[in-house]
>>> print(open('start.cif').read())   # mmCIF, C-alpha atoms and all ligand atoms
data_work
loop_
_atom_site.label_atom_id
_atom_site.label_comp_id
_atom_site.auth_asym_id
_atom_site.auth_seq_id
_atom_site.Cartn_x
_atom_site.Cartn_y
_atom_site.Cartn_z
CA MET A 189 -43.31 -29.82 26.99
CA SER A 190 -42.19 -30.27 23.36
CA LYS A 191 -43.19 -27.98 20.57
CA LEU A 192 -44.40 -28.77 17.07
CA SER A 193 -44.04 -26.12 14.37
CA VAL A 194 -46.23 -26.44 11.31
CA ILE A 195 -44.91 -24.50 8.33
CA VAL A 196 -47.43 -23.58 5.65
CA PRO A 197 -46.21 -21.83 2.48
CA CYS A 198 -48.99 -19.76 0.90
CA TYR A 199 -49.14 -17.96 -2.39
CA ASN A 200 -52.51 -16.43 -3.26
CA GLU A 201 -54.41 -18.84 -1.04
CA GLU A 202 -56.96 -16.61 0.73
CA GLU A 203 -59.71 -19.21 0.37
CA ASN A 204 -57.61 -22.01 1.87
CA VAL A 205 -55.98 -20.33 4.88
CA ALA A 206 -58.88 -20.68 7.30
CA TYR A 207 -59.97 -24.01 5.88
CA PHE A 208 -56.51 -25.44 6.49
CA TYR A 209 -56.56 -24.14 10.05
CA ASP A 210 -59.90 -25.83 10.74
CA GLU A 211 -58.66 -29.14 9.36
CA LEU A 212 -55.44 -28.95 11.38
CA MET A 213 -57.40 -28.17 14.55
CA LYS A 214 -59.14 -31.53 14.19
CA GLN A 215 -55.79 -32.97 15.37
CA ASP A 216 -55.49 -30.53 18.25
CA ALA A 217 -56.76 -33.03 20.82
CA PHE A 218 -54.03 -35.44 19.76
CA PHE A 219 -51.34 -32.78 20.11
CA ARG A 220 -52.65 -31.92 23.57
CA ASP A 221 -52.68 -35.61 24.59
CA GLN A 222 -49.07 -35.91 23.55
CA GLY A 223 -48.11 -32.79 25.47
CA LEU A 224 -47.22 -31.05 22.23
CA GLU A 225 -47.35 -27.30 22.11
CA LEU A 226 -48.39 -26.14 18.63
CA GLU A 227 -47.15 -23.28 16.49
CA ILE A 228 -48.52 -22.60 13.00
CA LEU A 229 -46.37 -20.51 10.70
CA TYR A 230 -48.07 -19.26 7.58
CA ILE A 231 -45.38 -18.13 5.16
CA ASN A 232 -46.92 -15.61 2.81
CA ASP A 233 -44.87 -15.83 -0.37
CA GLY A 234 -45.77 -12.42 -1.77
CA SER A 235 -49.49 -13.07 -2.28
CA ARG A 236 -51.49 -10.45 -4.12
CA ASP A 237 -54.83 -11.49 -2.65
CA GLY A 238 -56.23 -11.44 0.89
CA THR A 239 -53.97 -14.18 2.27
CA VAL A 240 -52.29 -11.85 4.80
CA ALA A 241 -55.64 -10.54 6.07
CA GLU A 242 -56.91 -14.10 6.48
CA VAL A 243 -53.87 -15.10 8.53
CA LYS A 244 -54.14 -11.98 10.67
CA LYS A 245 -57.77 -12.85 11.39
CA LEU A 246 -56.66 -16.30 12.55
CA HIS A 247 -53.91 -14.77 14.68
CA GLU A 248 -56.44 -12.65 16.53
CA LYS A 249 -58.46 -15.77 17.28
CA ASP A 250 -55.53 -18.04 18.14
CA GLU A 251 -52.13 -16.68 19.09
CA ARG A 252 -50.41 -19.89 18.10
CA VAL A 253 -50.89 -18.71 14.51
CA HIS A 254 -47.96 -16.70 13.15
CA LEU A 255 -47.30 -14.91 9.91
CA VAL A 256 -44.08 -14.43 8.02
CA SER A 257 -44.63 -12.28 4.97
CA PHE A 258 -42.15 -11.91 2.10
CA SER A 259 -41.51 -8.68 0.23
CA ARG A 260 -42.42 -10.42 -3.03
CA ASN A 261 -42.94 -13.91 -4.45
CA PHE A 262 -39.74 -15.89 -3.86
CA GLY A 263 -41.10 -19.36 -4.63
CA LYS A 264 -42.09 -22.29 -2.48
CA GLU A 265 -38.51 -23.40 -1.93
CA ALA A 266 -37.69 -20.05 -0.34
CA ALA A 267 -40.89 -20.20 1.71
CA MET A 268 -39.98 -23.61 3.10
CA TYR A 269 -36.48 -22.43 3.95
CA ALA A 270 -37.82 -19.33 5.70
CA GLY A 271 -40.26 -21.50 7.63
CA LEU A 272 -37.53 -23.81 8.86
CA GLU A 273 -35.45 -20.82 9.89
CA GLN A 274 -38.27 -19.03 11.71
CA ALA A 275 -39.74 -22.09 13.44
CA ASP A 276 -38.38 -22.99 16.85
CA GLY A 277 -40.23 -26.24 17.51
CA ASP A 278 -38.54 -29.49 18.55
CA TYR A 279 -40.39 -31.03 15.64
CA VAL A 280 -41.08 -29.30 12.37
CA ALA A 281 -43.72 -30.16 9.77
CA ILE A 282 -44.07 -28.65 6.31
CA MET A 283 -47.51 -28.76 4.71
CA ASP A 284 -49.32 -27.31 1.71
CA VAL A 285 -52.23 -25.05 2.53
CA ASP A 286 -54.43 -26.59 -0.19
CA LEU A 287 -54.95 -29.72 1.96
CA GLN A 288 -53.22 -32.00 -0.52
CA ASP A 289 -51.16 -32.95 2.52
CA PRO A 290 -53.75 -34.39 4.92
CA PRO A 291 -53.27 -33.20 8.54
CA ALA A 292 -54.91 -36.48 9.60
CA LEU A 293 -51.56 -38.16 8.90
CA LEU A 294 -49.75 -36.10 11.54
CA PRO A 295 -50.49 -38.42 14.51
CA GLU A 296 -49.09 -41.41 12.61
CA MET A 297 -46.06 -39.38 11.53
CA TYR A 298 -45.46 -38.27 15.08
CA ARG A 299 -45.61 -41.84 16.34
CA TYR A 300 -42.84 -42.85 13.93
CA ILE A 301 -40.71 -39.93 15.12
CA LYS A 302 -41.24 -41.12 18.69
CA GLU A 303 -40.11 -44.58 17.57
CA GLY A 304 -36.78 -43.06 16.65
CA TYR A 305 -37.03 -41.94 13.04
CA ASP A 306 -35.47 -38.56 12.27
CA SER A 307 -38.07 -37.72 9.69
CA VAL A 308 -41.30 -39.04 8.27
CA ALA A 309 -41.86 -38.21 4.61
CA THR A 310 -44.80 -38.77 2.33
CA ARG A 311 -45.13 -39.80 -1.27
CA ARG A 312 -48.13 -40.19 -3.46
CA VAL A 313 -48.43 -43.46 -5.26
CA THR A 314 -51.05 -42.26 -7.74
CA ARG A 315 -51.26 -39.07 -9.74
CA LYS A 316 -55.03 -38.96 -10.06
CA GLY A 317 -56.35 -35.63 -11.27
CA GLU A 318 -53.10 -34.60 -12.91
CA PRO A 319 -52.75 -34.11 -16.69
CA PRO A 320 -51.36 -37.39 -18.14
CA VAL A 321 -48.57 -35.61 -20.02
CA ARG A 322 -47.35 -34.05 -16.76
CA SER A 323 -47.44 -37.41 -14.95
CA PHE A 324 -45.51 -39.00 -17.79
CA PHE A 325 -42.72 -36.44 -17.69
CA ALA A 326 -42.69 -36.40 -13.89
CA ARG A 327 -42.12 -40.15 -13.84
CA LYS A 328 -39.39 -39.81 -16.49
CA PHE A 329 -37.74 -37.10 -14.41
CA TYR A 330 -37.51 -39.30 -11.33
CA TRP A 331 -36.28 -42.20 -13.45
CA LEU A 332 -33.54 -39.99 -14.91
CA MET A 333 -32.57 -38.62 -11.50
CA ARG A 334 -32.15 -42.15 -10.16
CA LYS A 335 -29.76 -42.87 -13.04
CA ILE A 336 -27.66 -39.73 -12.91
CA SER A 337 -27.63 -38.71 -9.27
CA ARG A 338 -26.24 -40.44 -6.24
CA THR A 339 -28.62 -38.57 -3.97
CA GLU A 340 -31.81 -40.48 -3.28
CA ILE A 341 -34.85 -38.70 -4.72
CA MET A 342 -38.11 -40.58 -4.26
CA ASP A 343 -40.64 -40.78 -7.08
CA GLY A 344 -43.84 -38.95 -6.13
CA ALA A 345 -42.27 -37.50 -3.00
CA ARG A 346 -44.21 -34.58 -1.60
CA ASP A 347 -42.85 -31.75 0.46
CA TYR A 348 -45.10 -32.91 3.32
CA ARG A 349 -42.73 -34.03 6.03
CA LEU A 350 -42.29 -34.11 9.77
CA MET A 351 -38.75 -33.91 11.05
CA THR A 352 -36.74 -33.41 14.17
CA ARG A 353 -35.02 -30.15 14.96
CA GLN A 354 -31.69 -31.83 14.24
CA MET A 355 -32.69 -32.64 10.68
CA ALA A 356 -34.24 -29.20 10.18
CA GLU A 357 -30.92 -27.66 11.21
CA ALA A 358 -29.13 -29.89 8.71
CA VAL A 359 -31.43 -28.72 5.92
CA LEU A 360 -30.86 -25.11 7.01
CA SER A 361 -27.13 -25.61 6.85
CA MET A 362 -27.46 -26.13 3.09
CA GLN A 363 -27.63 -22.50 2.12
CA GLU A 364 -27.60 -22.84 -1.64
CA TYR A 365 -29.58 -20.29 -3.60
CA ASN A 366 -30.84 -22.73 -6.23
CA ARG A 367 -32.80 -24.97 -3.92
CA PHE A 368 -34.23 -28.39 -4.68
CA THR A 369 -35.41 -29.54 -1.27
CA LYS A 370 -36.37 -33.05 -2.35
CA GLY A 371 -32.72 -33.63 -3.13
CA ILE A 372 -31.50 -31.79 -0.03
CA TYR A 373 -33.43 -34.18 2.24
CA GLY A 374 -31.76 -37.14 0.56
CA TRP A 375 -28.37 -35.46 0.74
CA VAL A 376 -28.45 -34.70 4.47
CA GLY A 377 -29.30 -38.33 5.19
CA PHE A 378 -30.91 -39.35 8.51
CA GLU A 379 -33.40 -42.13 9.05
CA THR A 380 -36.56 -41.46 7.06
CA LYS A 381 -39.83 -43.35 7.20
CA TRP A 382 -41.92 -43.10 4.01
CA LEU A 383 -45.69 -43.03 4.18
CA GLU A 384 -47.66 -43.56 1.00
CA TYR A 385 -51.05 -42.26 0.05
CA GLU A 386 -53.21 -41.70 -2.99
CA ASN A 387 -53.08 -38.30 -4.57
CA ILE A 388 -55.59 -35.85 -3.12
CA GLU A 389 -56.74 -32.97 -5.30
CA ARG A 390 -56.47 -29.44 -3.98
CA VAL A 391 -59.62 -28.19 -2.26
CA LYS A 392 -59.87 -24.68 -3.67
CA GLY A 393 -58.01 -22.46 -6.06
CA GLU A 394 -55.59 -23.47 -8.78
CA THR A 395 -52.17 -25.07 -8.81
CA LYS A 396 -49.33 -22.56 -9.08
CA TRP A 397 -47.34 -24.82 -11.35
CA ASN A 398 -47.61 -25.08 -15.09
CA PHE A 399 -45.66 -27.40 -17.34
CA TRP A 400 -42.95 -24.87 -18.15
CA LYS A 401 -42.36 -24.01 -14.47
CA LEU A 402 -42.10 -27.69 -13.63
CA PHE A 403 -39.67 -28.18 -16.50
CA LEU A 404 -37.41 -25.40 -15.18
CA TYR A 405 -37.72 -26.81 -11.67
CA SER A 406 -36.62 -30.21 -12.95
CA LEU A 407 -33.51 -28.59 -14.48
CA GLU A 408 -32.89 -27.12 -11.04
CA GLY A 409 -33.01 -30.61 -9.61
CA ILE A 410 -30.67 -32.03 -12.22
CA THR A 411 -28.03 -29.30 -12.01
CA ALA A 412 -28.22 -29.22 -8.22
CA PHE A 413 -27.75 -32.93 -7.70
CA SER A 414 -25.86 -34.30 -10.66
CA THR A 415 -22.89 -33.33 -12.79
CA MET A 416 -23.58 -36.18 -15.19
CA PRO A 417 -24.74 -33.86 -18.01
CA LEU A 418 -21.26 -32.32 -18.02
CA MET A 419 -19.79 -35.81 -18.38
CA PHE A 420 -22.21 -36.33 -21.24
CA ALA A 421 -20.79 -33.24 -22.98
CA SER A 422 -17.24 -34.59 -22.69
CA PHE A 423 -18.39 -38.00 -23.81
CA MET A 424 -20.03 -36.58 -26.94
CA GLY A 425 -16.80 -34.71 -27.69
CA VAL A 426 -14.74 -37.89 -27.54
CA LEU A 427 -17.31 -39.83 -29.56
CA PHE A 428 -17.31 -37.28 -32.38
CA CYS A 429 -13.49 -37.14 -32.43
CA VAL A 430 -13.35 -40.90 -32.88
CA LEU A 431 -15.99 -40.79 -35.61
CA ALA A 432 -14.18 -37.98 -37.41
CA PHE A 433 -10.90 -39.86 -37.23
CA ALA A 434 -12.48 -42.99 -38.73
CA LEU A 435 -13.98 -40.86 -41.51
CA ILE A 436 -10.60 -39.31 -42.33
CA ILE A 437 -8.99 -42.74 -42.67
CA PHE A 438 -11.93 -43.96 -44.74
CA THR A 439 -11.72 -41.00 -47.12
CA ILE A 440 -7.96 -41.28 -47.61
CA VAL A 441 -8.12 -45.03 -48.24
CA ARG A 442 -10.95 -44.60 -50.70
CA LYS A 443 -9.01 -41.95 -52.60
CA LEU A 444 -5.75 -43.96 -52.67
CA ILE A 445 -7.21 -47.35 -53.58
CA PHE A 446 -10.24 -46.46 -55.66
CA GLY A 447 -9.19 -43.00 -56.82
CA ASP A 448 -12.62 -41.81 -55.76
CA PRO A 449 -12.64 -38.36 -54.13
CA VAL A 450 -15.65 -37.73 -51.89
CA SER A 451 -18.31 -35.99 -53.86
CA GLY A 452 -21.42 -34.02 -53.03
CA TRP A 453 -22.32 -31.50 -50.44
CA PRO A 454 -25.44 -33.19 -48.96
CA SER A 455 -23.35 -35.46 -46.75
CA LEU A 456 -21.25 -32.49 -45.71
CA VAL A 457 -24.30 -30.41 -44.82
CA CYS A 458 -25.73 -33.25 -42.74
CA ILE A 459 -22.50 -33.77 -40.85
CA ILE A 460 -21.99 -30.07 -40.19
CA SER A 461 -25.55 -29.57 -38.95
CA LEU A 462 -25.40 -32.62 -36.72
CA VAL A 463 -22.07 -31.74 -35.21
CA SER A 464 -22.92 -28.10 -34.66
CA GLY A 465 -26.20 -29.15 -33.10
CA VAL A 466 -24.41 -31.41 -30.66
CA GLN A 467 -21.88 -28.66 -29.98
CA LEU A 468 -24.52 -26.10 -29.16
CA PHE A 469 -26.36 -28.61 -26.98
CA CYS A 470 -23.21 -29.33 -25.00
CA LEU A 471 -22.45 -25.64 -24.75
CA GLY A 472 -25.96 -25.19 -23.40
CA ILE A 473 -25.31 -27.79 -20.71
CA VAL A 474 -22.13 -26.01 -19.66
CA GLY A 475 -24.08 -22.74 -19.75
CA GLN A 476 -26.71 -24.14 -17.38
CA TYR A 477 -24.10 -25.03 -14.79
CA LEU A 478 -22.36 -21.71 -15.31
CA ALA A 479 -25.63 -19.83 -14.79
CA LYS A 480 -26.35 -21.72 -11.57
CA THR A 481 -22.80 -21.10 -10.36
CA TYR A 482 -23.17 -17.41 -11.21
CA MET A 483 -26.30 -17.15 -9.08
CA GLU A 484 -24.66 -19.03 -6.20
CA VAL A 485 -21.57 -16.85 -6.24
CA LYS A 486 -23.67 -13.71 -5.84
CA LYS A 487 -24.77 -14.99 -2.44
CA ARG A 488 -28.12 -13.24 -2.60
CA PRO A 489 -30.46 -13.87 0.32
CA ILE A 490 -32.94 -16.69 -0.31
CA PHE A 491 -35.87 -14.53 0.81
CA ILE A 492 -36.63 -11.10 2.26
CA ILE A 493 -39.12 -10.67 5.07
CA LYS A 494 -41.45 -7.69 5.04
CA GLU A 495 -43.62 -8.43 8.05
CA ARG A 496 -43.67 -10.88 10.93
CA ILE A 497 -46.39 -11.53 13.47
N1 LIG A 501 -46.60 -21.93 -3.08
C1 LIG A 501 -45.76 -20.93 -2.60
N2 LIG A 501 -45.08 -20.14 -3.50
C2 LIG A 501 -45.20 -20.31 -4.86
C3 LIG A 501 -46.02 -21.36 -5.32
C4 LIG A 501 -46.71 -22.14 -4.41
O1 LIG A 501 -45.63 -20.76 -1.38
O2 LIG A 501 -44.56 -19.57 -5.60
C5 LIG A 501 -47.33 -22.78 -2.11
C6 LIG A 501 -48.83 -22.87 -2.38
O3 LIG A 501 -49.53 -21.82 -1.77
C7 LIG A 501 -49.18 -24.22 -1.76
C8 LIG A 501 -47.92 -25.04 -1.99
O4 LIG A 501 -46.87 -24.10 -2.24
O5 LIG A 501 -49.41 -24.15 -0.36
C9 LIG A 501 -48.07 -25.99 -3.17
O6 LIG A 501 -48.48 -25.27 -4.32
P1 LIG A 501 -49.46 -25.90 -5.38
O7 LIG A 501 -50.63 -26.53 -4.68
O8 LIG A 501 -49.78 -24.83 -6.37
O9 LIG A 501 -48.56 -26.99 -6.05
P2 LIG A 501 -48.99 -28.50 -6.42
O10 LIG A 501 -49.64 -29.08 -5.22
O11 LIG A 501 -49.92 -28.37 -7.58
O12 LIG A 501 -47.70 -29.16 -6.78
MG MG A 502 -51.22 -28.34 -4.31
#
>>> encode(input="start.cif", output="structure tokens", more="lines below")
Ligand code: UDP
Ligand code: MG
Amino acid sequence: MSKLSVIVPCYNEEENVAYFYDELMKQDAFFRDQGLELEILYINDGSRDGTVAEVKKLHEKDERVHLVSFSRNFGKEAAMYAGLEQADGDYVAIMDVDLQDPPALLPEMYRYIKEGYDSVATRRVTRKGEPPVRSFFARKFYWLMRKISRTEIMDGARDYRLMTRQMAEAVLSMQEYNRFTKGIYGWVGFETKWLEYENIERVKGETKWNFWKLFLYSLEGITAFSTMPLMFASFMGVLFCVLAFALIIFTIVRKLIFGDPVSGWPSLVCIISLVSGVQLFCLGIVGQYLAKTYMEVKKRPIFIIKERI
């Protein structure tokens, strides 16, 4: 008998825990038909509400439900990593608890795995219900990533994915602290089937992401999977050297031929502000990579478990 582990990261989701379980159980007959043993791992990412109590209630009812509880909020990336590490199924699925990742897709996903795919991933083709500004920047982010990174990162990709144990192990072998799983999946390779669906809005509660958090997360993605910004810094340096050199020649020639020394400070002020702006910007880019490197070098654990059931 094979085993399917369903990993569900939860952060303040008391009202969704049981609801998710009920929806997932609608597929239970399918799992049984396929001879699939089920294991549901709720990863409590330091919730401050009744999430843990809700999961414990489910565990009493159904012992296939397990809980892994963090000592504080470590973020969804850490929760997914912990889930992969704690799960021991032959197949592993990661799903949001807010039902934006429909469990009804699982049978189709499983069929593709049986056909020989190593993983079945999902992407949303619409962004209905999302603030337009966020959608705009999200699209721009994926566009930029395609340009500056060699790792494939799919536009609209969700974290909802079913994969084989082999691929899960590959993802686990990437032990970086600054995690950007969407890039990690592309990096490890394997044969992936993409399923598309229209965006589904979360059933209850609020999204945990605001614009600023998403912005920082996108920087994570860029620094983790591209060194192009560093190239950009060098490129700007060369460009400004060339410009400065041309200006020097121009000024000397003008003085020698026309006897006209450069006058006025406005041009000087403009040049100095521009150049120092570019300098600081480039320094900031280097700083970003340095900061990420600093955090990696510390080798801190990705998460800390407080309780396990
Ligand atoms: N989540 C988490 N830790 C966090 C933030 C979110 O485990 O720090 C979980 C959350 O409970 C949910 C999933 O990650 O199951 C997706 O979160 P959310 O729905 O807020 O994100 P969105 O769908 O809006 O991108
Ligand atoms: Mg959601």
>>> residues_around(input="start.cif", residues="Met416 (chain A)", least_positions_apart="6", cutoff="9 Å", atoms="all atoms listed in the file", output="count of residues only")
3
>>> residues_around(input="start.cif", residues="Lys392 (chain A)", least_positions_apart="3", cutoff="10 Å", atoms="only C-alpha atoms", output="compact mmCIF listing (two decimals) with C-alpha atoms, keeping the file's coordinate frame")
# COMPACT_ATOMS: atom_id res chain seq x y z
CA GLU A 201 -54.41 -18.84 -1.04
CA GLU A 202 -56.96 -16.61 0.73
CA GLU A 203 -59.71 -19.21 0.37
CA ASN A 204 -57.61 -22.01 1.87
CA TYR A 207 -59.97 -24.01 5.88
CA VAL A 285 -52.23 -25.05 2.53
CA ASP A 286 -54.43 -26.59 -0.19
CA LEU A 287 -54.95 -29.72 1.96
CA GLU A 389 -56.74 -32.97 -5.30
CA THR A 395 -52.17 -25.07 -8.81
>>> closest_residue(input="start.cif", among="A:Gln363, A:Thr369, A:Gln215, A:Thr314", to="Leu293 (chain A)", atoms="only C-alpha atoms")
A:Gln215
>>> closest_residue(input="start.cif", among="A:Gly263, A:Gly234, A:Gly393, A:Gly374", to="ligand MG 502 (chain A)", atoms="all atoms listed in the file")
A:Gly393
>>> closest_residue(input="start.cif", among="A:Arg367, A:Lys245, A:Lys191, A:Lys264", to="ligand MG 502 (chain A)", atoms="all atoms listed in the file")
A:Lys264
>>> closest_residue(input="start.cif", among="A:Gln274, A:Asn366, A:Asn200, A:Ser406", to="Arg488 (chain A)", atoms="all atoms listed in the file")
A:Asn366
>>> closest_residue(input="start.cif", among="A:Met355, A:Ile388, A:Met419, A:Leu224", to="ligand LIG 501 (chain A)", atoms="all atoms listed in the file")
A:Ile388
>>> closest_atom_pairs(input="start.cif", of="chain A", to="ligand LIG 501 (chain A)", cutoff="8 Å", atoms="only C-alpha atoms and all ligand atoms", output="CSV")
residue,atom,partner,partner_atom,distance
A:Val196,CA,A:LIG501,O5,6.4
A:Pro197,CA,A:LIG501,O1,4.0
A:Cys198,CA,A:LIG501,O3,3.4
A:Tyr199,CA,A:LIG501,O3,3.9
A:Asn200,CA,A:LIG501,O3,6.3
A:Glu201,CA,A:LIG501,O3,5.8
A:Ile231,CA,A:LIG501,O1,7.1
A:Asn232,CA,A:LIG501,O1,6.8
A:Asp233,CA,A:LIG501,O1,5.1
A:Gly234,CA,A:LIG501,N2,7.9
A:Asn261,CA,A:LIG501,O2,6.0
A:Phe262,CA,A:LIG501,O2,6.3
A:Gly263,CA,A:LIG501,O2,3.6
A:Lys264,CA,A:LIG501,N2,3.8
A:Glu265,CA,A:LIG501,N2,7.5
A:Ala267,CA,A:LIG501,O1,5.7
A:Met268,CA,A:LIG501,O1,7.8
A:Met283,CA,A:LIG501,O5,7.1
A:Asp284,CA,A:LIG501,O5,3.8
A:Val285,CA,A:LIG501,O5,4.1
A:Asp286,CA,A:LIG501,O5,5.6
A:Gln288,CA,A:LIG501,O10,6.6
A:Arg390,CA,A:LIG501,O7,6.6
A:Glu394,CA,A:LIG501,O8,6.4
A:Thr395,CA,A:LIG501,O8,3.4
A:Lys396,CA,A:LIG501,O8,3.6
A:Trp397,CA,A:LIG501,O8,5.5
>>> residues_around(input="start.cif", residues="Glu357 (chain A)", least_positions_apart="5", cutoff="9 Å", atoms="only C-alpha atoms", output="VMD selection string")
chain A and resid 272 to 273 352 362
>>> atom_distance(input="start.cif", atom1="CA of Gly447 (chain A)", atom2="CA of Ala434 (chain A)")
18.4 Å
>>> residues_around(input="start.cif", residues="Ala241 (chain A)", least_positions_apart="5", cutoff="10 Å", atoms="all atoms listed in the file", output="list in words")
Glu202, Val205, Leu246 and His247 of chain A
>>> atom_distance(input="start.cif", atom1="CA of Tyr209 (chain A)", atom2="CA of Pro295 (chain A)")
16.1 Å
>>> atom_distance(input="start.cif", atom1="CA of Ala270 (chain A)", atom2="CA of Leu350 (chain A)")
16.0 Å
>>> closest_residue(input="start.cif", among="A:Lys328, A:Arg252, A:Arg220, A:Arg346", to="ligand MG 502 (chain A)", atoms="only C-alpha atoms and all ligand atoms")
A:Arg346
>>> decode(input="start.cif", residues="region 356-401 of chain A", atoms="C-alpha atoms", output="short mmCIF file (atom, residue, chain, number, x, y, z; two decimals), in the first residue's frame")
data_model
loop_
_atom_site.label_atom_id
_atom_site.label_comp_id
_atom_site.auth_asym_id
_atom_site.auth_seq_id
_atom_site.Cartn_x
_atom_site.Cartn_y
_atom_site.Cartn_z
CA ALA A 356 10.51 15.83 -2.03
CA GLU A 357 13.94 14.55 -0.98
CA ALA A 358 15.55 16.73 -3.64
CA VAL A 359 13.73 19.80 -2.31
CA LEU A 360 14.80 18.85 1.23
CA SER A 361 18.40 18.61 0.13
CA MET A 362 18.32 22.35 -0.59
CA GLN A 363 18.85 23.53 2.94
CA GLU A 364 19.16 27.24 2.34
CA TYR A 365 17.83 29.53 5.04
CA ASN A 366 16.42 32.14 2.65
CA ARG A 367 13.90 29.91 0.93
CA PHE A 368 12.00 30.63 -2.26
CA THR A 369 10.33 27.30 -2.96
CA LYS A 370 8.90 28.28 -6.34
CA GLY A 371 12.46 28.66 -7.56
CA ILE A 372 13.69 25.56 -5.73
CA TYR A 373 11.19 23.36 -7.61
CA GLY A 374 12.49 24.71 -10.91
CA TRP A 375 16.07 24.28 -9.79
CA VAL A 376 15.79 20.62 -8.78
CA GLY A 377 14.29 19.80 -12.16
CA PHE A 378 12.24 16.60 -12.67
CA GLU A 379 9.27 16.17 -14.97
CA THR A 380 6.46 18.50 -13.93
CA LYS A 381 2.92 18.59 -15.26
CA TRP A 382 1.20 21.98 -14.89
CA LEU A 383 -2.50 22.19 -14.20
CA GLU A 384 -4.25 25.51 -14.63
CA TYR A 385 -7.26 26.86 -12.86
CA GLU A 386 -9.02 30.13 -12.18
CA ASN A 387 -8.18 31.87 -8.96
CA ILE A 388 -10.36 30.82 -6.04
CA GLU A 389 -10.82 33.25 -3.18
CA ARG A 390 -10.08 32.10 0.35
CA VAL A 391 -13.11 30.77 2.21
CA LYS A 392 -12.65 32.39 5.61
CA GLY A 393 -10.23 34.70 7.32
CA GLU A 394 -7.78 37.11 5.75
CA THR A 395 -4.69 36.71 3.62
CA LYS A 396 -1.45 36.82 5.61
CA TRP A 397 0.32 38.76 2.90
CA ASN A 398 0.35 42.49 2.43
CA PHE A 399 2.07 44.41 -0.32
CA TRP A 400 5.24 45.07 1.67
CA LYS A 401 5.63 41.40 2.68
#
